[in-house]
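Next comes my_file32.cif, with mmCIF, C-alpha atoms, pLDDT in the B column; chains and numbers go by the auth columns.
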```cif
data_start
#
loop_
_atom_site.group_PDB
_atom_site.id
_atom_site.type_symbol
_atom_site.label_atom_id
_atom_site.label_comp_id
_atom_site.label_asym_id
_atom_site.label_seq_id
_atom_site.Cartn_x
_atom_site.Cartn_y
_atom_site.Cartn_z
_atom_site.B_iso_or_equiv
_atom_site.auth_seq_id
_atom_site.auth_asym_id
ATOM 1 C CA MET A 1 15.306 76.835 -24.587 73.00 1 L
ATOM 2 C CA ALA A 2 16.323 74.948 -21.451 82.00 2 L
ATOM 3 C CA ILE A 3 17.818 72.184 -23.563 87.00 3 L
ATOM 4 C CA LEU A 4 20.150 74.634 -25.293 87.00 4 L
ATOM 5 C CA GLU A 5 21.206 76.078 -21.938 88.00 5 L
ATOM 6 C CA ASP A 6 21.949 72.577 -20.627 88.00 6 L
ATOM 7 C CA ILE A 7 24.020 71.789 -23.726 90.00 7 L
ATOM 8 C CA TRP A 8 25.885 75.080 -23.415 91.00 8 L
ATOM 9 C CA ASP A 9 26.558 74.466 -19.696 91.00 9 L
ATOM 10 C CA GLY A 10 27.847 70.984 -20.511 89.00 10 L
ATOM 11 C CA ILE A 11 30.203 72.358 -23.172 89.00 11 L
ATOM 12 C CA CYS A 12 31.444 75.062 -20.779 90.00 12 L
ATOM 13 C CA ASN A 13 31.981 72.531 -17.981 90.00 13 L
ATOM 14 C CA PHE A 14 33.909 70.256 -20.346 86.00 14 L
ATOM 15 C CA ALA A 15 36.022 73.189 -21.568 84.00 15 L
ATOM 16 C CA ASP A 16 36.808 74.167 -17.962 88.00 16 L
ATOM 17 C CA TYR A 17 37.754 70.569 -17.148 86.00 17 L
ATOM 18 C CA VAL A 18 40.071 70.299 -20.150 80.00 18 L
ATOM 19 C CA TRP A 19 41.601 73.717 -19.458 82.00 19 L
ATOM 20 C CA CYS A 20 42.366 72.750 -15.839 87.00 20 L
ATOM 21 C CA ASN A 21 43.909 69.439 -16.916 86.00 21 L
ATOM 22 C CA GLY A 22 46.699 70.367 -19.310 85.00 22 L
ATOM 23 C CA ASP A 23 47.965 66.815 -19.553 87.00 23 L
ATOM 24 C CA LEU A 24 44.598 65.689 -20.912 85.00 24 L
ATOM 25 C CA LEU A 25 44.709 68.398 -23.555 86.00 25 L
ATOM 26 C CA ALA A 26 48.279 67.469 -24.504 90.00 26 L
ATOM 27 C CA PHE A 27 47.343 63.788 -24.735 90.00 27 L
ATOM 28 C CA VAL A 28 44.331 64.500 -26.933 87.00 28 L
ATOM 29 C CA ILE A 29 46.451 66.623 -29.281 93.00 29 L
ATOM 30 C CA LEU A 30 49.154 63.930 -29.348 94.00 30 L
ATOM 31 C CA ALA A 31 46.577 61.236 -30.076 94.00 31 L
ATOM 32 C CA ALA A 32 45.083 63.299 -32.903 96.00 32 L
ATOM 33 C CA ILE A 33 48.533 63.760 -34.450 97.00 33 L
ATOM 34 C CA GLY A 34 49.239 60.039 -34.126 96.00 34 L
ATOM 35 C CA ILE A 35 45.944 59.017 -35.707 97.00 35 L
ATOM 36 C CA ALA A 36 46.357 61.489 -38.569 97.00 36 L
ATOM 37 C CA ALA A 37 49.913 60.259 -39.214 96.00 37 L
ATOM 38 C CA ALA A 38 48.734 56.637 -39.150 96.00 38 L
ATOM 39 C CA VAL A 39 46.097 57.444 -41.765 97.00 39 L
ATOM 40 C CA TYR A 40 48.760 59.118 -43.911 96.00 40 L
ATOM 41 C CA VAL A 41 50.995 56.024 -43.603 94.00 41 L
ATOM 42 C CA VAL A 42 48.379 53.949 -45.356 95.00 42 L
ATOM 43 C CA THR A 43 47.033 56.477 -47.826 95.00 43 L
ATOM 44 C CA ASP A 44 50.175 58.237 -49.074 91.00 44 L
ATOM 45 C CA ARG A 45 51.354 57.095 -52.491 89.00 45 L
ATOM 46 C CA ILE A 46 55.028 57.973 -51.983 87.00 46 L
ATOM 47 C CA PRO A 47 56.722 55.209 -49.936 85.00 47 L
ATOM 48 C CA VAL A 48 59.391 57.475 -48.441 85.00 48 L
ATOM 49 C CA HIS A 49 56.721 59.802 -47.091 90.00 49 L
ATOM 50 C CA SER A 50 54.911 56.819 -45.614 90.00 50 L
ATOM 51 C CA ALA A 51 58.104 55.754 -43.842 89.00 51 L
ATOM 52 C CA PHE A 52 58.528 59.177 -42.281 90.00 52 L
ATOM 53 C CA TYR A 53 54.867 59.328 -41.269 94.00 53 L
ATOM 54 C CA LEU A 54 55.490 55.969 -39.616 92.00 54 L
ATOM 55 C CA ALA A 55 58.362 57.583 -37.714 92.00 55 L
ATOM 56 C CA LEU A 56 55.922 60.222 -36.486 95.00 56 L
ATOM 57 C CA VAL A 57 53.535 57.487 -35.325 95.00 57 L
ATOM 58 C CA PHE A 58 56.370 55.754 -33.462 93.00 58 L
ATOM 59 C CA PHE A 59 57.362 59.054 -31.871 95.00 59 L
ATOM 60 C CA THR A 60 53.827 59.759 -30.675 96.00 60 L
ATOM 61 C CA VAL A 61 53.646 56.275 -29.158 95.00 61 L
ATOM 62 C CA GLY A 62 56.947 56.952 -27.382 94.00 62 L
ATOM 63 C CA VAL A 63 55.636 60.226 -25.971 94.00 63 L
ATOM 64 C CA ALA A 64 52.446 58.436 -24.870 94.00 64 L
ATOM 65 C CA TYR A 65 54.653 56.169 -22.748 94.00 65 L
ATOM 66 C CA PHE A 66 55.932 59.294 -21.016 93.00 66 L
ATOM 67 C CA PHE A 67 52.323 60.181 -20.148 90.00 67 L
ATOM 68 C CA LEU A 68 52.029 56.723 -18.575 92.00 68 L
ATOM 69 C CA GLU A 69 55.204 57.420 -16.530 92.00 69 L
ATOM 70 C CA ALA A 70 57.108 54.625 -18.277 94.00 70 L
ATOM 71 C CA GLU A 71 60.092 56.734 -19.273 93.00 71 L
ATOM 72 C CA PHE A 72 62.463 53.842 -19.997 95.00 72 L
ATOM 73 C CA ILE A 73 60.071 52.231 -22.462 94.00 73 L
ATOM 74 C CA GLY A 74 59.423 55.625 -24.055 93.00 74 L
ATOM 75 C CA VAL A 75 63.134 56.260 -24.574 94.00 75 L
ATOM 76 C CA ILE A 76 63.634 52.753 -25.972 93.00 76 L
ATOM 77 C CA GLN A 77 60.643 53.279 -28.294 92.00 77 L
ATOM 78 C CA VAL A 78 62.098 56.519 -29.621 91.00 78 L
ATOM 79 C CA LEU A 79 65.659 55.227 -29.963 91.00 79 L
ATOM 80 C CA VAL A 80 64.929 51.816 -31.449 91.00 80 L
ATOM 81 C CA TYR A 81 61.861 52.419 -33.581 88.00 81 L
ATOM 82 C CA VAL A 82 62.269 56.035 -34.630 87.00 82 L
ATOM 83 C CA GLY A 83 66.039 55.969 -34.742 86.00 83 L
ATOM 84 C CA ALA A 84 66.711 52.564 -36.234 88.00 84 L
ATOM 85 C CA ILE A 85 63.701 50.851 -37.741 87.00 85 L
ATOM 86 C CA THR A 86 62.356 53.877 -39.606 83.00 86 L
ATOM 87 C CA ILE A 87 65.761 54.748 -41.009 84.00 87 L
ATOM 88 C CA LEU A 88 66.132 51.115 -42.059 88.00 88 L
ATOM 89 C CA PHE A 89 62.773 51.358 -43.859 86.00 89 L
ATOM 90 C CA ALA A 90 63.814 54.600 -45.533 81.00 90 L
ATOM 91 C CA PHE A 91 67.150 53.185 -46.711 84.00 91 L
ATOM 92 C CA SER A 92 65.555 49.986 -47.997 85.00 92 L
ATOM 93 C CA ILE A 93 62.939 51.978 -49.907 81.00 93 L
ATOM 94 C CA MET A 94 65.576 54.254 -51.402 79.00 94 L
ATOM 95 C CA LEU A 95 67.846 51.353 -52.382 83.00 95 L
ATOM 96 C CA THR A 96 65.162 49.198 -53.983 81.00 96 L
ATOM 97 C CA ARG A 97 63.249 51.824 -55.933 66.00 97 L
ATOM 98 C CA LYS A 98 63.496 51.589 -59.684 63.00 98 L
ATOM 99 C CA TYR A 99 63.391 54.790 -61.593 61.00 99 L
ATOM 100 C CA ILE A 100 61.622 54.463 -64.910 49.00 100 L
ATOM 101 C CA LEU A 101 62.711 57.124 -67.323 48.00 101 L
ATOM 102 C CA GLU A 102 60.307 57.929 -70.060 51.00 102 L
ATOM 103 C CA ASP A 103 62.044 58.738 -73.320 53.00 103 L
ATOM 104 C CA ASP A 104 60.514 59.574 -76.633 53.00 104 L
ATOM 105 C CA SER A 105 62.956 57.164 -78.265 56.00 105 L
ATOM 106 C CA ASP A 106 61.490 54.146 -76.423 51.00 106 L
ATOM 107 C CA GLU A 107 58.236 54.233 -78.384 51.00 107 L
#
```

Just dump the structure as structure tokens.
Amino acid sequence: MAILEDIWDGICNFADYVWCNGDLLAFVILAAIGIAAAVYVVTDRIPVHSAFYLALVFFTVGVAYFFLEAEFIGVIQVLVYVGAITILFAFSIMLTRKYILEDDSDE
């Protein structure tokens, strides 16, 4: 029974530590969003969705720079990568996609 009490005390101490440090909680949530979006970039079958998930990954990296107190790099990350590179990816995907229409007359 003492082992369960020790585990419960450890969980409560960790919860108190995280609750007192809001920046840690925000960083963990941001990291979880970034990792989930990165997984969706690789696993999504629709290329346009992958490009916008990539924008979310770039945005989370930019916000992580703000946690590191590197505001200039964070703003450049958001402006250049989210604003320009992702839109360039989206436009190139939209312009190079071929739509295959299935007709009954083609058989």

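Among the candidates L:Val63, L:Ala51, L:Asn13, L:Phe58, the one nearest to Ala26 in chain L when counting only C-alpha atoms is L:Val63.
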
Near Ile85 in chain L, within 10 Å and counting all atoms listed in the file, which residues show up once chain neighbours fewer than 3 positions away are dropped, as number ranges by chain?
-> L: 51, 54-55, 58, 79-82, 88-91

Q.
For the PyMOL selection byres ((chain L and resi 47) around 12), applied here, can you spell out every residue it catches as a list in words?
A.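 Expected selection for the PyMOL selection byres ((chain L and resi 47) around 12) here is Tyr40, Val41, Val42, Thr43, Asp44, Arg45, Ile46, Val48, His49, Ser50, Ala51, Phe52, Tyr53, Leu54, Thr86, Phe89, Ala90, Phe91, Ser92, Ile93, Met94, Thr96 and Arg97 of chain L.
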
Judged by all atoms listed in the file, the minimum distance to Gly62 in chain L among L:Cys12, L:Ala38, L:Ile76, L:Cys20 is found for L:Ile76

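When all atoms listed in the file are used to measure the gap to Phe66 in chain L, the shortest distance among L:Leu95, L:Leu4, L:Val18, L:Asp23 belongs to L:Asp23.
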
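Of the residues under consideration (L:Ile11, L:Val28, L:Val39, L:Val61), L:Val61 shows the shortest atom-to-atom contact distance to Val75 in chain L when counting all atoms listed in the file.
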
How about completing range 59-86 of chain L with N, CA and C atoms and giving it to me as a PDB file, in the coordinates of the input?
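Result file follows (selection-v4.pdb):
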```pdb
ATOM      1  N   PHE L  59      56.998  58.012 -32.818  1.00 95.00           N
ATOM      2  CA  PHE L  59      57.362  59.054 -31.871  1.00 95.00           C
ATOM      3  C   PHE L  59      56.182  59.391 -30.954  1.00 95.00           C
ATOM      4  N   THR L  60      54.988  59.463 -31.514  1.00 96.00           N
ATOM      5  CA  THR L  60      53.827  59.759 -30.675  1.00 96.00           C
ATOM      6  C   THR L  60      53.547  58.635 -29.685  1.00 96.00           C
ATOM      7  N   VAL L  61      53.802  57.396 -30.088  1.00 95.00           N
ATOM      8  CA  VAL L  61      53.646  56.275 -29.158  1.00 95.00           C
ATOM      9  C   VAL L  61      54.685  56.380 -28.046  1.00 95.00           C
ATOM     10  N   GLY L  62      55.917  56.767 -28.393  1.00 94.00           N
ATOM     11  CA  GLY L  62      56.947  56.952 -27.382  1.00 94.00           C
ATOM     12  C   GLY L  62      56.603  58.047 -26.389  1.00 94.00           C
ATOM     13  N   VAL L  63      56.037  59.141 -26.870  1.00 94.00           N
ATOM     14  CA  VAL L  63      55.636  60.226 -25.971  1.00 94.00           C
ATOM     15  C   VAL L  63      54.446  59.786 -25.120  1.00 94.00           C
ATOM     16  N   ALA L  64      53.569  58.953 -25.661  1.00 94.00           N
ATOM     17  CA  ALA L  64      52.446  58.436 -24.870  1.00 94.00           C
ATOM     18  C   ALA L  64      52.948  57.598 -23.694  1.00 94.00           C
ATOM     19  N   TYR L  65      54.056  56.900 -23.872  1.00 94.00           N
ATOM     20  CA  TYR L  65      54.653  56.169 -22.748  1.00 94.00           C
ATOM     21  C   TYR L  65      55.115  57.134 -21.655  1.00 94.00           C
ATOM     22  N   PHE L  66      55.553  58.311 -22.024  1.00 93.00           N
ATOM     23  CA  PHE L  66      55.932  59.294 -21.016  1.00 93.00           C
ATOM     24  C   PHE L  66      54.708  59.758 -20.225  1.00 93.00           C
ATOM     25  N   PHE L  67      53.549  59.845 -20.873  1.00 90.00           N
ATOM     26  CA  PHE L  67      52.323  60.181 -20.148  1.00 90.00           C
ATOM     27  C   PHE L  67      51.957  59.088 -19.150  1.00 90.00           C
ATOM     28  N   LEU L  68      52.312  57.848 -19.464  1.00 92.00           N
ATOM     29  CA  LEU L  68      52.029  56.723 -18.575  1.00 92.00           C
ATOM     30  C   LEU L  68      53.105  56.536 -17.514  1.00 92.00           C
ATOM     31  N   GLU L  69      54.080  57.448 -17.472  1.00 92.00           N
ATOM     32  CA  GLU L  69      55.204  57.420 -16.530  1.00 92.00           C
ATOM     33  C   GLU L  69      56.064  56.169 -16.695  1.00 92.00           C
ATOM     34  N   ALA L  70      56.216  55.734 -17.939  1.00 94.00           N
ATOM     35  CA  ALA L  70      57.108  54.625 -18.277  1.00 94.00           C
ATOM     36  C   ALA L  70      58.216  55.201 -19.152  1.00 94.00           C
ATOM     37  N   GLU L  71      59.095  55.974 -18.519  1.00 93.00           N
ATOM     38  CA  GLU L  71      60.092  56.734 -19.273  1.00 93.00           C
ATOM     39  C   GLU L  71      61.080  55.836 -19.999  1.00 93.00           C
ATOM     40  N   PHE L  72      61.486  54.727 -19.366  1.00 95.00           N
ATOM     41  CA  PHE L  72      62.463  53.842 -19.997  1.00 95.00           C
ATOM     42  C   PHE L  72      61.910  53.259 -21.295  1.00 95.00           C
ATOM     43  N   ILE L  73      60.675  52.795 -21.255  1.00 94.00           N
ATOM     44  CA  ILE L  73      60.071  52.231 -22.462  1.00 94.00           C
ATOM     45  C   ILE L  73      59.889  53.308 -23.524  1.00 94.00           C
ATOM     46  N   GLY L  74      59.560  54.528 -23.103  1.00 93.00           N
ATOM     47  CA  GLY L  74      59.423  55.625 -24.055  1.00 93.00           C
ATOM     48  C   GLY L  74      60.723  55.955 -24.750  1.00 93.00           C
ATOM     49  N   VAL L  75      61.822  55.974 -23.973  1.00 94.00           N
ATOM     50  CA  VAL L  75      63.134  56.260 -24.574  1.00 94.00           C
ATOM     51  C   VAL L  75      63.547  55.133 -25.508  1.00 94.00           C
ATOM     52  N   ILE L  76      63.304  53.892 -25.106  1.00 93.00           N
ATOM     53  CA  ILE L  76      63.634  52.753 -25.972  1.00 93.00           C
ATOM     54  C   ILE L  76      62.793  52.802 -27.249  1.00 93.00           C
ATOM     55  N   GLN L  77      61.523  53.157 -27.118  1.00 92.00           N
ATOM     56  CA  GLN L  77      60.643  53.279 -28.294  1.00 92.00           C
ATOM     57  C   GLN L  77      61.200  54.310 -29.265  1.00 92.00           C
ATOM     58  N   VAL L  78      61.589  55.465 -28.748  1.00 91.00           N
ATOM     59  CA  VAL L  78      62.098  56.519 -29.621  1.00 91.00           C
ATOM     60  C   VAL L  78      63.435  56.121 -30.231  1.00 91.00           C
ATOM     61  N   LEU L  79      64.329  55.575 -29.436  1.00 91.00           N
ATOM     62  CA  LEU L  79      65.659  55.227 -29.963  1.00 91.00           C
ATOM     63  C   LEU L  79      65.600  54.085 -30.964  1.00 91.00           C
ATOM     64  N   VAL L  80      64.912  53.008 -30.595  1.00 91.00           N
ATOM     65  CA  VAL L  80      64.929  51.816 -31.449  1.00 91.00           C
ATOM     66  C   VAL L  80      64.035  51.998 -32.665  1.00 91.00           C
ATOM     67  N   TYR L  81      62.783  52.374 -32.455  1.00 88.00           N
ATOM     68  CA  TYR L  81      61.861  52.419 -33.581  1.00 88.00           C
ATOM     69  C   TYR L  81      62.061  53.648 -34.446  1.00 88.00           C
ATOM     70  N   VAL L  82      62.110  54.830 -33.822  1.00 87.00           N
ATOM     71  CA  VAL L  82      62.269  56.035 -34.630  1.00 87.00           C
ATOM     72  C   VAL L  82      63.683  56.120 -35.173  1.00 87.00           C
ATOM     73  N   GLY L  83      64.654  55.808 -34.335  1.00 86.00           N
ATOM     74  CA  GLY L  83      66.039  55.969 -34.742  1.00 86.00           C
ATOM     75  C   GLY L  83      66.556  54.889 -35.656  1.00 86.00           C
ATOM     76  N   ALA L  84      66.119  53.663 -35.477  1.00 88.00           N
ATOM     77  CA  ALA L  84      66.711  52.564 -36.234  1.00 88.00           C
ATOM     78  C   ALA L  84      65.763  51.971 -37.270  1.00 88.00           C
ATOM     79  N   ILE L  85      64.604  51.560 -36.847  1.00 87.00           N
ATOM     80  CA  ILE L  85      63.701  50.851 -37.741  1.00 87.00           C
ATOM     81  C   ILE L  85      63.218  51.750 -38.877  1.00 87.00           C
ATOM     82  N   THR L  86      62.848  52.981 -38.555  1.00 83.00           N
ATOM     83  CA  THR L  86      62.356  53.877 -39.606  1.00 83.00           C
ATOM     84  C   THR L  86      63.453  54.229 -40.595  1.00 83.00           C
TER      85      THR L  86
END
```
